[in-house]
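Dumped target_1.txt below, it's compact mmCIF, C-alpha atoms:
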# COMPACT_ATOMS: atom_id res chain seq x y z
CA MET A 1085 105.24 79.36 115.85
CA LEU A 1086 108.46 80.53 117.53
CA ILE A 1087 108.97 84.20 118.41
CA VAL A 1088 112.43 85.38 119.42
CA GLY A 1089 112.20 88.53 121.55
CA GLY A 1090 110.14 89.28 124.64
CA GLY A 1091 110.01 93.06 124.57
CA LEU A 1092 106.63 94.47 123.56
CA VAL A 1093 106.16 93.47 119.92
CA GLY A 1094 106.96 89.78 120.42
CA PRO A 1095 104.44 89.25 123.24
CA ALA A 1096 101.80 91.30 121.41
CA LEU A 1097 102.22 89.06 118.37
CA ALA A 1098 102.05 85.94 120.54
CA LEU A 1099 98.73 87.03 122.03
CA ALA A 1100 97.32 88.10 118.67
CA ALA A 1101 98.26 84.77 117.08
CA ALA A 1102 96.93 82.82 120.07
CA SER A 1103 93.61 84.66 119.78
CA ALA A 1104 93.27 83.00 116.36
CA GLY A 1105 94.02 79.54 117.73
CA LEU A 1106 97.73 79.33 116.91
CA ARG A 1107 100.14 77.81 119.42
CA VAL A 1108 103.11 80.10 120.13
CA ARG A 1109 106.41 79.85 122.01
CA VAL A 1110 108.22 83.07 122.97
CA LEU A 1111 111.98 82.83 123.52
CA ASP A 1112 113.55 85.69 125.44
CA ALA A 1113 117.21 85.94 126.40
CA ALA A 1114 116.40 88.18 129.38
CA PRO A 1115 115.84 86.55 132.78
CA ALA A 1116 112.31 86.51 134.21
CA ALA A 1117 113.18 89.01 136.96
CA ALA A 1118 114.28 91.62 134.42
CA LEU A 1119 111.05 91.28 132.43
CA ALA A 1120 108.82 91.65 135.49
CA ASP A 1121 110.66 94.64 137.00
CA PRO A 1122 107.88 97.05 138.09
CA GLU A 1123 110.10 100.08 138.62
CA PHE A 1124 109.44 103.24 136.62
CA ASP A 1125 112.41 103.84 134.31
CA GLY A 1126 111.18 106.93 132.46
CA ARG A 1127 110.27 105.10 129.25
CA ALA A 1128 106.83 105.78 127.83
CA TYR A 1129 105.17 105.26 124.47
CA ALA A 1130 102.58 107.10 122.43
CA VAL A 1131 99.91 104.48 121.77
CA ALA A 1132 97.91 105.62 118.74
CA ALA A 1133 94.13 105.27 118.62
CA ALA A 1134 94.32 102.28 116.25
CA SER A 1135 96.87 100.56 118.50
CA ARG A 1136 94.52 101.13 121.44
CA ARG A 1137 91.75 99.42 119.46
CA MET A 1138 93.98 96.40 118.97
CA LEU A 1139 94.92 96.22 122.64
CA ARG A 1140 91.23 96.37 123.50
CA ALA A 1141 90.37 93.64 120.96
CA LEU A 1142 93.02 91.42 122.58
CA GLY A 1143 91.56 92.03 126.04
CA LEU A 1144 94.59 94.00 127.24
CA TRP A 1145 93.35 97.58 127.38
CA ALA A 1146 91.22 97.20 130.52
CA GLY A 1147 94.37 96.43 132.50
CA ILE A 1148 96.26 99.39 131.00
CA GLU A 1149 93.67 102.15 130.72
CA GLY A 1150 93.86 103.30 134.34
CA ALA A 1151 97.58 104.05 133.93
CA ALA A 1152 97.26 105.61 130.45
CA GLN A 1153 97.19 109.37 129.90
CA PRO A 1154 94.89 110.47 127.05
CA ILE A 1155 96.40 112.81 124.45
CA LEU A 1156 93.75 115.46 123.94
CA GLN A 1157 95.79 117.92 121.92
CA VAL A 1158 99.12 118.09 120.11
CA LYS A 1159 100.99 121.34 119.47
CA VAL A 1160 103.81 121.41 116.92
CA SER A 1161 106.14 124.40 116.75
CA ASP A 1162 109.53 125.48 115.43
CA GLY A 1163 111.83 127.47 117.67
CA VAL A 1164 115.26 128.46 118.90
CA ALA A 1165 116.37 127.57 122.42
CA GLY A 1166 116.04 130.56 124.73
CA ARG A 1167 114.05 132.58 122.18
CA GLY A 1168 110.82 130.63 122.19
CA ALA A 1169 108.61 129.28 119.46
CA ALA A 1170 107.93 130.83 116.08
CA PRO A 1171 104.64 132.78 115.85
CA LEU A 1172 102.96 130.19 113.61
CA PHE A 1173 102.40 126.62 114.79
CA ALA A 1174 100.11 123.65 114.16
CA HIS A 1175 97.52 122.70 116.74
CA PHE A 1176 95.71 119.34 116.62
CA ASP A 1177 92.67 118.96 118.90
CA ALA A 1178 90.83 115.66 119.43
CA ASP A 1179 87.55 117.54 119.79
CA GLU A 1180 87.79 118.52 116.13
CA LEU A 1181 87.32 114.87 115.12
CA GLY A 1182 85.00 113.84 117.92
CA GLU A 1183 86.46 110.30 117.90
CA GLY A 1184 88.02 110.26 121.35
CA PRO A 1185 91.64 110.94 122.31
CA LEU A 1186 94.30 111.16 119.61
CA GLY A 1187 96.17 108.47 121.51
CA HIS A 1188 97.46 107.66 124.98
CA ILE A 1189 100.86 107.88 126.65
CA VAL A 1190 101.59 104.63 128.47
CA GLU A 1191 104.64 103.83 130.55
CA ASP A 1192 106.68 100.84 129.45
CA ARG A 1193 106.20 99.06 132.77
CA PHE A 1194 102.40 99.01 132.49
CA LEU A 1195 102.41 97.72 128.91
CA ARG A 1196 104.96 95.06 129.77
CA ARG A 1197 103.07 93.95 132.87
CA ALA A 1198 99.79 93.58 130.95
CA LEU A 1199 101.47 91.56 128.19
CA LEU A 1200 103.25 89.24 130.64
CA ALA A 1201 100.07 88.61 132.62
CA ALA A 1202 98.06 87.84 129.49
CA MET A 1203 100.70 85.44 128.16
CA ALA A 1204 100.78 83.65 131.52
CA GLU A 1205 97.01 83.16 131.32
CA SER A 1206 96.91 81.95 127.70
CA PRO A 1207 96.95 78.16 127.27
CA LEU A 1208 98.34 78.61 123.75
CA VAL A 1209 101.37 80.74 124.71
CA THR A 1210 104.55 79.35 126.27
CA VAL A 1211 107.24 81.77 127.44
CA GLU A 1212 110.85 80.74 127.99
CA THR A 1213 113.02 83.33 129.71
CA GLY A 1214 116.80 83.17 129.81
CA ALA A 1215 116.55 81.40 126.44
CA ARG A 1216 119.37 82.72 124.25
CA VAL A 1217 119.11 81.58 120.63
CA ILE A 1218 122.49 80.88 119.03
CA GLY A 1219 121.47 79.11 115.83
CA GLN A 1220 118.63 78.55 113.40
CA ALA A 1221 118.14 76.37 110.36
CA GLU A 1222 115.40 75.44 107.94
CA VAL A 1223 114.37 71.79 108.29
CA PRO A 1224 111.80 69.76 106.34
CA GLY A 1225 108.41 71.35 106.96
CA GLY A 1226 109.69 73.94 109.41
CA VAL A 1227 112.52 75.70 111.19
CA GLU A 1228 114.72 74.69 114.12
CA VAL A 1229 116.48 76.99 116.56
CA THR A 1230 119.30 76.06 118.91
CA LEU A 1231 119.59 77.59 122.38
CA ALA A 1232 122.77 78.34 124.27
CA ASP A 1233 122.20 75.28 126.50
CA GLY A 1234 122.30 73.03 123.42
CA THR A 1235 118.58 72.25 123.32
CA THR A 1236 116.49 72.88 120.21
CA ARG A 1237 112.97 74.12 119.45
CA CYS A 1238 111.04 73.52 116.22
CA ALA A 1239 108.06 75.19 114.57
CA ARG A 1240 106.64 75.92 111.15
CA LEU A 1241 107.51 79.63 111.39
CA LEU A 1242 110.18 81.71 113.15
CA VAL A 1243 109.52 85.38 113.87
CA GLY A 1244 112.37 87.74 114.76
CA ALA A 1245 111.20 90.42 117.18
CA ASP A 1246 114.62 90.87 118.72
CA GLY A 1247 115.30 94.53 118.01
CA ARG A 1248 117.51 96.59 115.70
CA GLY A 1249 120.48 94.32 116.15
CA SER A 1250 118.35 91.30 115.26
CA GLN A 1251 120.45 88.16 115.29
CA VAL A 1252 117.53 86.26 113.78
CA ALA A 1253 117.78 88.50 110.72
CA ARG A 1254 121.57 88.28 110.60
CA ARG A 1255 121.57 84.48 110.73
CA ALA A 1256 119.02 84.45 107.89
CA GLY A 1257 121.39 86.54 105.74
CA ILE A 1258 119.12 89.60 105.83
CA GLY A 1259 121.11 92.81 105.55
CA ARG A 1260 120.22 96.28 106.78
CA THR A 1261 120.20 99.78 105.33
CA GLU A 1262 121.50 101.97 108.12
CA TRP A 1263 122.82 105.42 108.82
CA ALA A 1264 123.45 107.42 111.97
CA TYR A 1265 121.84 110.80 112.54
CA ARG A 1266 124.67 112.12 114.73
CA GLN A 1267 121.93 112.80 117.25
CA THR A 1268 121.16 111.33 120.67
CA SER A 1269 117.80 111.31 122.42
CA LEU A 1270 117.85 112.12 126.11
CA VAL A 1271 114.87 110.51 127.81
CA ALA A 1272 113.55 111.28 131.29
CA ALA A 1273 110.38 111.83 133.26
CA LEU A 1274 109.69 115.14 134.99
CA GLU A 1275 107.32 116.32 137.68
CA VAL A 1276 105.82 119.65 136.68
CA GLU A 1277 104.18 122.42 138.66
CA ARG A 1278 101.21 123.18 136.40
CA PRO A 1279 98.69 120.75 134.85
CA HIS A 1280 99.65 119.61 131.36
CA GLU A 1281 95.94 119.20 130.43
CA GLY A 1282 96.66 116.20 128.24
CA ILE A 1283 98.58 118.30 125.70
CA ALA A 1284 101.60 116.79 123.91
CA GLN A 1285 104.20 119.24 122.61
CA GLN A 1286 106.55 118.65 119.68
CA MET A 1287 109.10 121.45 119.43
CA PHE A 1288 111.72 121.54 116.68
CA PHE A 1289 115.12 123.08 117.36
CA PRO A 1290 118.20 123.29 115.12
CA ASP A 1291 119.95 120.39 116.87
CA GLY A 1292 116.86 118.18 117.08
CA PRO A 1293 113.29 117.99 118.36
CA LEU A 1294 112.00 118.03 121.91
CA ALA A 1295 108.85 116.02 122.62
CA ILE A 1296 107.00 116.68 125.87
CA LEU A 1297 104.51 113.90 126.45
CA PRO A 1298 101.86 114.04 129.20
CA LEU A 1299 101.86 111.27 131.79
CA THR A 1300 99.28 110.59 134.47
CA GLY A 1301 99.34 113.09 137.32
CA ASN A 1302 101.50 116.18 137.07
CA ARG A 1303 104.24 114.38 135.17
CA VAL A 1304 105.60 114.44 131.64
CA SER A 1305 108.05 112.32 129.70
CA ILE A 1306 110.61 114.09 127.54
CA VAL A 1307 112.41 112.84 124.43
CA TRP A 1308 115.04 115.54 123.99
CA THR A 1309 117.16 115.13 120.88
CA GLU A 1310 120.49 116.92 120.64
CA ASP A 1311 123.68 116.77 118.64
CA THR A 1312 125.57 113.71 119.93
CA THR A 1313 128.48 115.70 121.38
CA ARG A 1314 126.18 118.12 123.17
CA ALA A 1315 123.94 115.27 124.39
CA ALA A 1316 126.92 113.45 125.92
CA ALA A 1317 127.92 116.59 127.78
CA VAL A 1318 124.39 117.13 129.09
CA GLN A 1319 123.96 113.50 130.11
CA ALA A 1320 127.20 113.75 132.12
CA MET A 1321 125.87 116.69 134.17
CA ASP A 1322 124.33 116.33 137.60
CA ASP A 1323 120.56 116.66 137.85
CA ASP A 1324 120.62 120.41 138.47
CA GLY A 1325 122.89 120.98 135.49
CA TYR A 1326 120.70 118.76 133.31
CA LEU A 1327 117.56 120.73 134.18
CA ALA A 1328 119.37 124.03 133.64
CA ALA A 1329 120.43 122.87 130.17
CA LEU A 1330 116.91 121.67 129.38
CA ARG A 1331 115.09 124.81 130.52
CA PRO A 1332 115.89 127.05 127.47
CA CYS A 1333 114.21 124.47 125.22
CA PHE A 1334 111.49 123.39 127.62
CA GLY A 1335 110.30 126.88 128.57
CA ASP A 1336 108.26 127.78 131.63
CA PHE A 1337 104.70 126.99 130.51
CA LEU A 1338 104.48 124.10 133.01
CA GLY A 1339 106.15 126.03 135.84
CA GLN A 1340 108.88 124.47 137.93
CA ILE A 1341 110.23 121.09 136.82
CA ARG A 1342 112.19 118.35 138.55
CA LEU A 1343 113.38 114.93 137.55
CA ALA A 1344 111.22 111.94 138.47
CA GLY A 1345 113.43 108.90 137.96
CA LYS A 1346 116.54 107.99 136.02
CA ARG A 1347 117.84 109.61 132.85
CA TYR A 1348 118.60 107.69 129.66
CA ALA A 1349 120.42 108.41 126.41
CA TYR A 1350 119.85 106.64 123.08
CA PRO A 1351 121.94 107.27 119.93
CA LEU A 1352 119.70 107.69 116.90
CA GLY A 1353 119.83 106.27 113.42
CA LEU A 1354 117.70 104.78 110.70
CA SER A 1355 117.84 101.00 110.41
CA LEU A 1356 115.75 99.10 107.86
CA ALA A 1357 115.99 95.39 107.12
CA THR A 1358 116.47 94.84 103.39
CA ARG A 1359 113.76 92.16 103.59
CA ILE A 1360 111.16 91.40 106.24
CA THR A 1361 110.71 87.78 105.22
CA ALA A 1362 112.93 84.82 104.35
CA PRO A 1363 112.25 81.08 104.10
CA ARG A 1364 110.22 80.13 107.20
CA LEU A 1365 110.94 83.53 108.75
CA ALA A 1366 109.32 86.93 109.27
CA LEU A 1367 110.57 90.06 111.04
CA ALA A 1368 108.48 92.44 113.12
CA GLY A 1369 109.06 95.60 115.12
CA ASP A 1370 112.54 97.08 115.37
CA ALA A 1371 114.00 93.91 113.89
CA ALA A 1372 112.35 95.03 110.66
CA HIS A 1373 112.60 98.81 111.01
CA GLY A 1374 114.07 101.35 113.40
CA ILE A 1375 113.00 104.92 112.69
CA HIS A 1376 113.57 108.36 114.21
CA PRO A 1377 111.45 108.83 117.37
CA LEU A 1378 110.29 112.36 116.50
CA ALA A 1379 106.74 111.31 115.58
CA GLY A 1380 106.40 108.80 118.40
CA GLN A 1381 105.43 106.12 115.89
CA GLY A 1382 108.04 103.43 116.54
CA LEU A 1383 105.88 101.17 118.72
CA ASN A 1384 102.79 101.82 116.61
CA LEU A 1385 104.68 100.75 113.49
CA GLY A 1386 105.62 97.54 115.26
CA LEU A 1387 102.03 96.94 116.37
CA ARG A 1388 100.91 97.38 112.76
CA ASP A 1389 103.34 94.57 111.89
CA VAL A 1390 101.71 92.49 114.62
CA ALA A 1391 98.15 93.13 113.43
CA THR A 1392 99.06 92.42 109.80
CA LEU A 1393 101.12 89.28 110.39
CA ALA A 1394 98.58 87.87 112.85
CA GLN A 1395 95.76 88.34 110.34
CA VAL A 1396 97.74 86.78 107.48
CA LEU A 1397 98.62 83.78 109.66
CA ALA A 1398 95.10 83.43 111.06
CA GLU A 1399 93.56 83.39 107.59
CA ALA A 1400 96.15 80.86 106.38
CA HIS A 1401 95.54 78.67 109.43
CA ARG A 1402 91.78 78.64 108.84
CA ARG A 1403 92.31 77.64 105.23
CA GLY A 1404 94.57 74.79 106.27
CA GLU A 1405 97.69 76.35 104.75
CA ASP A 1406 101.20 76.03 106.12
CA ILE A 1407 101.73 79.30 108.04
CA GLY A 1408 105.44 79.27 107.22
CA ALA A 1409 105.00 78.79 103.49
CA ALA A 1410 106.57 81.33 101.15
CA ASP A 1411 103.29 82.44 99.59
CA VAL A 1412 101.77 83.10 103.03
CA LEU A 1413 104.73 85.21 104.12
CA GLU A 1414 104.65 87.07 100.82
CA ARG A 1415 101.18 88.39 101.74
CA TYR A 1416 102.66 89.89 104.90
CA ARG A 1417 105.55 91.44 103.00
CA ARG A 1418 103.30 93.02 100.37
CA TRP A 1419 100.93 94.45 102.96
CA ARG A 1420 103.65 96.00 105.10
CA GLN A 1421 106.36 97.16 102.70
CA PHE A 1422 104.79 100.46 101.60
CA ASP A 1423 103.78 101.59 105.11
CA ILE A 1424 107.24 100.85 106.49
CA ALA A 1425 109.03 102.65 103.65
CA ALA A 1426 106.66 105.62 103.73
CA LEU A 1427 106.96 106.26 107.47
CA ALA A 1428 110.74 105.75 107.49
CA THR A 1429 111.11 108.21 104.60
CA ALA A 1430 108.77 110.75 106.19
CA THR A 1431 110.47 110.76 109.60
CA ASP A 1432 113.90 110.93 107.99
CA ALA A 1433 112.88 113.88 105.80
CA ILE A 1434 111.17 115.77 108.63
CA ASN A 1435 114.23 115.38 110.83
CA ARG A 1436 116.57 116.62 108.10
CA VAL A 1437 114.37 119.61 107.23
CA PHE A 1438 113.67 120.68 110.82
CA SER A 1439 117.00 119.86 112.51
CA ASN A 1440 119.06 122.71 111.11
CA ALA A 1441 119.51 126.44 111.57
CA ASN A 1442 119.14 127.53 107.93
CA PRO A 1443 117.04 130.74 108.09
CA LEU A 1444 115.29 130.09 104.77
CA LEU A 1445 114.32 126.58 105.83
CA ARG A 1446 113.18 127.91 109.18
CA LEU A 1447 110.91 130.41 107.43
CA GLY A 1448 109.56 127.61 105.23
CA ARG A 1449 108.93 125.42 108.29
CA THR A 1450 107.07 128.17 110.06
CA LEU A 1451 104.92 128.90 107.02
CA ALA A 1452 104.19 125.19 106.54
CA LEU A 1453 103.01 124.81 110.15
CA GLY A 1454 100.89 127.94 109.76
CA ALA A 1455 99.36 126.54 106.58
CA ILE A 1456 98.41 123.32 108.38
CA GLU A 1457 96.78 125.34 111.14
CA ALA A 1458 94.77 127.28 108.55
CA ALA A 1459 93.58 124.20 106.63
CA PRO A 1460 91.03 122.17 108.67
CA ALA A 1461 90.68 119.36 106.10
CA LEU A 1462 94.44 118.82 105.94
CA ARG A 1463 94.70 119.02 109.71
CA ARG A 1464 92.01 116.36 110.19
CA ARG A 1465 93.70 114.10 107.63
CA LEU A 1466 97.04 114.40 109.43
CA MET A 1467 95.35 113.63 112.75
CA ARG A 1468 93.84 110.44 111.35
CA GLU A 1469 97.19 109.42 109.89
CA ALA A 1470 98.86 109.91 113.29
CA MET A 1471 96.02 108.02 114.99
CA GLY A 1472 96.62 105.12 112.61
CA THR A 1473 92.96 105.04 111.57
CA ALA A 1474 93.50 105.79 107.87
CA GLY A 1475 94.18 103.33 105.06
CA ASP A 1476 93.75 99.58 104.64
CA LEU A 1477 93.71 98.41 108.25
CA PRO A 1478 93.99 94.86 109.56
CA VAL A 1479 90.93 93.87 111.57
CA LEU A 1480 92.71 94.15 114.94
CA LEU A 1481 93.49 97.82 114.26
CA GLN A 1482 89.82 98.29 113.49
CA GLY A 1483 89.07 96.98 116.98
CA ARG A 1484 87.70 93.63 115.82
CA ALA A 1485 88.87 90.20 116.93
CA LEU A 1486 90.61 87.90 114.47

Write-out of the structure in structure tokens:
Amino acid sequence: MLIVGGGLVGPALALAAASAGLRVRVLDAAPAAALADPEFDGRAYAVAAASRRMLRALGLWAGIEGAAQPILQVKVSDGVAGRGAAPLFAHFDADELGEGPLGHIVEDRFLRRALLAAMAESPLVTVETGARVIGQAEVPGGVEVTLADGTTRCARLLVGADGRGSQVARRAGIGRTEWAYRQTSLVAALEVERPHEGIAQQMFFPDGPLAILPLTGNRVSIVWTEDTTRAAAVQAMDDDGYLAALRPCFGDFLGQIRLAGKRYAYPLGLSLATRITAPRLALAGDAAHGIHPLAGQGLNLGLRDVATLAQVLAEAHRRGEDIGAADVLERYRRWRQFDIAALATATDAINRVFSNANPLLRLGRTLALGAIEAAPALRRRLMREAMGTAGDLPVLLQGRAL
């Protein structure tokens, strides 16, 4: 199997497939030095409980756990910058379920390092860095890709894990349904004065949500979404100006704040591949779906692709089937299509309902959050959905080996 893309989803799929005895080659256009960069760049991910189970089943979690911050509570509120949160809000507490943390916040560098180390140790995984794919074609019994240096690689299956602008998908003639949100997420890490106590905050403001995610130590990661014009102006400010602009949304519940690392800005939009399979090809991660970050589910959605595709391929391999055959890939498509569509629709709708200043909608939002807080059964169901532990789960997301 060939996987194009060496971010997080591609390597995770390589290790999952290798755990079932499949031989995998990962092709990444980035140079080795860029992949191994240990510097903290402010990026962090919410790793849901089910994703943690998968990382543990693959033998990765032991090397990550010490750098992972458990999410013990999540507070969701609606507000107006400078005026604070509405009086009703939703509060999700891991103790209510008694099943451990709701998830963990893990910095990109620690996830990447664990994946790279595991691939280097696996006899079934080969990694080629600086390998830019410029062509692909179906050949008898398989697929062939051409690299920029003119060499070729062949396999029975090609997987595109090369992000929203997937060239693997484009070369396969797979289109995309896309629209921009006219929003930009400002991402940074902060050092805070008071302990965050493992509490993640999701605050909704008229121009977009602010997520405050606890990191290890007295640090948090912010994903601050603003109108694109306003975001560009804030990003252009010096650090003091940036913090002054942030403070009316952030509040003072964590005391004094200061930047801990670089600041980043990412324009937001919805981007869904019209198909996630083609002859001898499957898409995973952002190559298949790019959603709004407000629920912190982007990586988890990609890891659900990994768990599903790896299980489909493992079962086909054990039965002696061709892993790149159309009927095998159709099993992957059927299993994933509803989950992808449902989460993309939900995040899009939540963003549209919450990211506006309409007073009637604001009242409705506040009442809805209050209703969730007053309904324990609904609250527990929503927690399990966010943890990824509900529904028809692949065995890796159940914490079992393939």

Give one line per residue of region 1342-1457 of chain A that approaches region 1242-1265 of chain A to at most 8 Å, naming the two atoms of the closest pair and their distance in Å to one decimal, counting only C-alpha atoms; sort by chain then ascending residue number and deliver it as a tab-separated table.
residue	atom	partner	partner_atom	distance
A:Leu1352	CA	A:Tyr1265	CA	5.8
A:Gly1353	CA	A:Ala1264	CA	4.1
A:Leu1354	CA	A:Glu1262	CA	5.4
A:Ser1355	CA	A:Glu1262	CA	4.4
A:Leu1356	CA	A:Thr1261	CA	5.2
A:Ala1357	CA	A:Arg1260	CA	4.3
A:Thr1358	CA	A:Arg1260	CA	5.3
A:Arg1359	CA	A:Ile1258	CA	6.3
A:Ala1362	CA	A:Ala1256	CA	7.1
A:Arg1364	CA	A:Leu1242	CA	6.2
A:Leu1365	CA	A:Leu1242	CA	4.8
A:Ala1366	CA	A:Val1243	CA	4.9
A:Leu1367	CA	A:Gly1244	CA	4.7
A:Ala1368	CA	A:Ala1245	CA	5.3
A:Gly1369	CA	A:Ala1245	CA	6.0
A:Asp1370	CA	A:Gly1247	CA	4.6
A:Ala1371	CA	A:Gly1247	CA	4.4
A:Ala1372	CA	A:Arg1248	CA	7.4
A:His1373	CA	A:Arg1248	CA	7.1
A:Gly1374	CA	A:Arg1248	CA	6.3
A:Gly1408	CA	A:Leu1242	CA	8.0

Create the file for the chosen residues now, containing C-alpha atoms and written as a tab-separated table (two decimals), in the frame of the given file.
chain	number	residue	atom	x	y	z
A	1352	LEU	CA	119.70	107.69	116.90
A	1353	GLY	CA	119.83	106.27	113.42
A	1354	LEU	CA	117.70	104.78	110.70
A	1355	SER	CA	117.84	101.00	110.41
A	1356	LEU	CA	115.75	99.10	107.86
A	1357	ALA	CA	115.99	95.39	107.12
A	1358	THR	CA	116.47	94.84	103.39
A	1359	ARG	CA	113.76	92.16	103.59
A	1362	ALA	CA	112.93	84.82	104.35
A	1364	ARG	CA	110.22	80.13	107.20
A	1365	LEU	CA	110.94	83.53	108.75
A	1366	ALA	CA	109.32	86.93	109.27
A	1367	LEU	CA	110.57	90.06	111.04
A	1368	ALA	CA	108.48	92.44	113.12
A	1369	GLY	CA	109.06	95.60	115.12
A	1370	ASP	CA	112.54	97.08	115.37
A	1371	ALA	CA	114.00	93.91	113.89
A	1372	ALA	CA	112.35	95.03	110.66
A	1373	HIS	CA	112.60	98.81	111.01
A	1374	GLY	CA	114.07	101.35	113.40
A	1408	GLY	CA	105.44	79.27	107.22

Note to self: Nearest residue to Arg1484 (chain A) out of A:Ala1391, A:Phe1173, A:Ala1128, A:Ala1426, using all atoms listed in the file?
What the structure shows: A:Ala1391

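Residues in contact with Gln1482 (chain A) at up to 9 Å, not including ones fewer than 2 positions away on its chain and judged by only C-alpha atoms, are A:Ala1134, A:Ser1135, A:Arg1137, A:Met1138, A:Ala1141, A:Thr1473, A:Leu1477, A:Pro1478, A:Val1479, A:Leu1480, A:Arg1484, A:Ala1485.
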
If you keep C-alpha atoms, can you produce a file of those selected residues as an mmCIF file, in the frame of the given file?
data_model
loop_
_atom_site.group_PDB
_atom_site.id
_atom_site.type_symbol
_atom_site.label_atom_id
_atom_site.label_comp_id
_atom_site.auth_asym_id
_atom_site.auth_seq_id
_atom_site.Cartn_x
_atom_site.Cartn_y
_atom_site.Cartn_z
ATOM 1 C CA ALA A 1134 94.320 102.280 116.250
ATOM 2 C CA SER A 1135 96.870 100.560 118.500
ATOM 3 C CA ARG A 1137 91.750 99.420 119.460
ATOM 4 C CA MET A 1138 93.980 96.400 118.970
ATOM 5 C CA ALA A 1141 90.370 93.640 120.960
ATOM 6 C CA THR A 1473 92.960 105.040 111.570
ATOM 7 C CA LEU A 1477 93.710 98.410 108.250
ATOM 8 C CA PRO A 1478 93.990 94.860 109.560
ATOM 9 C CA VAL A 1479 90.930 93.870 111.570
ATOM 10 C CA LEU A 1480 92.710 94.150 114.940
ATOM 11 C CA ARG A 1484 87.700 93.630 115.820
ATOM 12 C CA ALA A 1485 88.870 90.200 116.930
#

Checklist line | Contacts of Cys1238 (chain A) within 7 Å, all atoms listed in the file, excl. fewer than 4 positions in-chain, as a list in words | finding: Gly1226, Val1227, Glu1228 and Val1229 of chain A

Check: Mind pulling up the distance from CA of Ile1087 (chain A) to CA of Thr1361 (chain A)?
Finding: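 Computing it gives 13.8 Å between the two atoms.
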
Notebook entry, point to check: Of the candidates A:Arg1465, A:Arg1197, A:Arg1420, A:Arg1278, which shows the shortest atom-to-atom distance to Leu1338 (chain A), using all atoms listed in the file?
Noted result: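 So, comparing all the options, the nearest one is A:Arg1278.
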
Item checked: Nearest residue to Met1287 (chain A) from the set A:Val1160, A:Ala1461, A:Ala1239, A:Leu1181 (distances using only C-alpha atoms) ->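 Closest residue, counting only C-alpha atoms: A:Val1160.
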
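For the pair CA of Asp1112 (chain A) and CA of Val1088 (chain A), the separation is 6.1 Å.
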
Next item on the list: Take CA of Glu1275 (chain A) and CA of Ile1148 (chain A) and report the distance between them in Å, one decimal.
Entry: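 CA of Glu1275 (chain A) sits 21.3 Å away from CA of Ile1148 (chain A).
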
Please provide the set of residues having any atom within 6 Å of Leu1231 (chain A), restricted to all atoms listed in the file, with same-chain residues fewer than 2 positions apart removed, written as a compact mmCIF listing (two decimals) with C-alpha atoms, keeping the file's coordinate frame.
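result-v6.txt written:
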# COMPACT_ATOMS: atom_id res chain seq x y z
CA ARG A 1216 119.37 82.72 124.25
CA VAL A 1217 119.11 81.58 120.63
CA ILE A 1218 122.49 80.88 119.03
CA ASP A 1233 122.20 75.28 126.50
CA GLY A 1234 122.30 73.03 123.42
CA THR A 1235 118.58 72.25 123.32

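Considering the residues A:Gly1091, A:Gly1147, A:Pro1298, A:Pro1207 and counting only C-alpha atoms, Ser1103 (chain A) has its shortest atom-to-atom contact with A:Pro1207.
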
Checklist line | Using all atoms listed in the file: which of A:Gly1386, A:Gly1150, A:Gly1090, A:Gly1292 has the shortest distance to Cys1333 (chain A) | finding: A:Gly1292

Checklist line | Nearest to Glu1277 (chain A), chosen from A:Ile1341, A:Ala1295, A:Ile1424, A:Ala1174, with all atoms listed in the file counted in the distances | finding: A:Ile1341

Could I see region 1468-1476 of chain A restored to N, CA and C atoms, set down as a tab-separated table (two decimals), in the frame of the given file?
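Saved result, rebuild.tsv, follows:
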chain	number	residue	atom	x	y	z
A	1468	ARG	N	94.23	111.84	111.56
A	1468	ARG	CA	93.84	110.44	111.35
A	1468	ARG	C	95.05	109.57	110.97
A	1469	GLU	N	95.97	110.16	110.21
A	1469	GLU	CA	97.19	109.42	109.89
A	1469	GLU	C	97.97	109.11	111.17
A	1470	ALA	N	98.13	110.12	112.04
A	1470	ALA	CA	98.86	109.91	113.29
A	1470	ALA	C	98.14	108.94	114.21
A	1471	MET	N	96.82	108.93	114.17
A	1471	MET	CA	96.02	108.02	114.99
A	1471	MET	C	96.06	106.60	114.45
A	1472	GLY	N	96.55	106.44	113.21
A	1472	GLY	CA	96.62	105.12	112.61
A	1472	GLY	C	95.29	104.59	112.12
A	1473	THR	N	94.30	105.49	111.96
A	1473	THR	CA	92.96	105.04	111.57
A	1473	THR	C	92.68	105.20	110.09
A	1474	ALA	N	93.68	105.62	109.31
A	1474	ALA	CA	93.50	105.79	107.87
A	1474	ALA	C	94.09	104.60	107.13
A	1475	GLY	N	93.59	104.36	105.91
A	1475	GLY	CA	94.18	103.33	105.06
A	1475	GLY	C	93.56	101.96	105.23
A	1476	ASP	N	94.22	100.97	104.65
A	1476	ASP	CA	93.75	99.58	104.64
A	1476	ASP	C	94.21	98.92	105.93
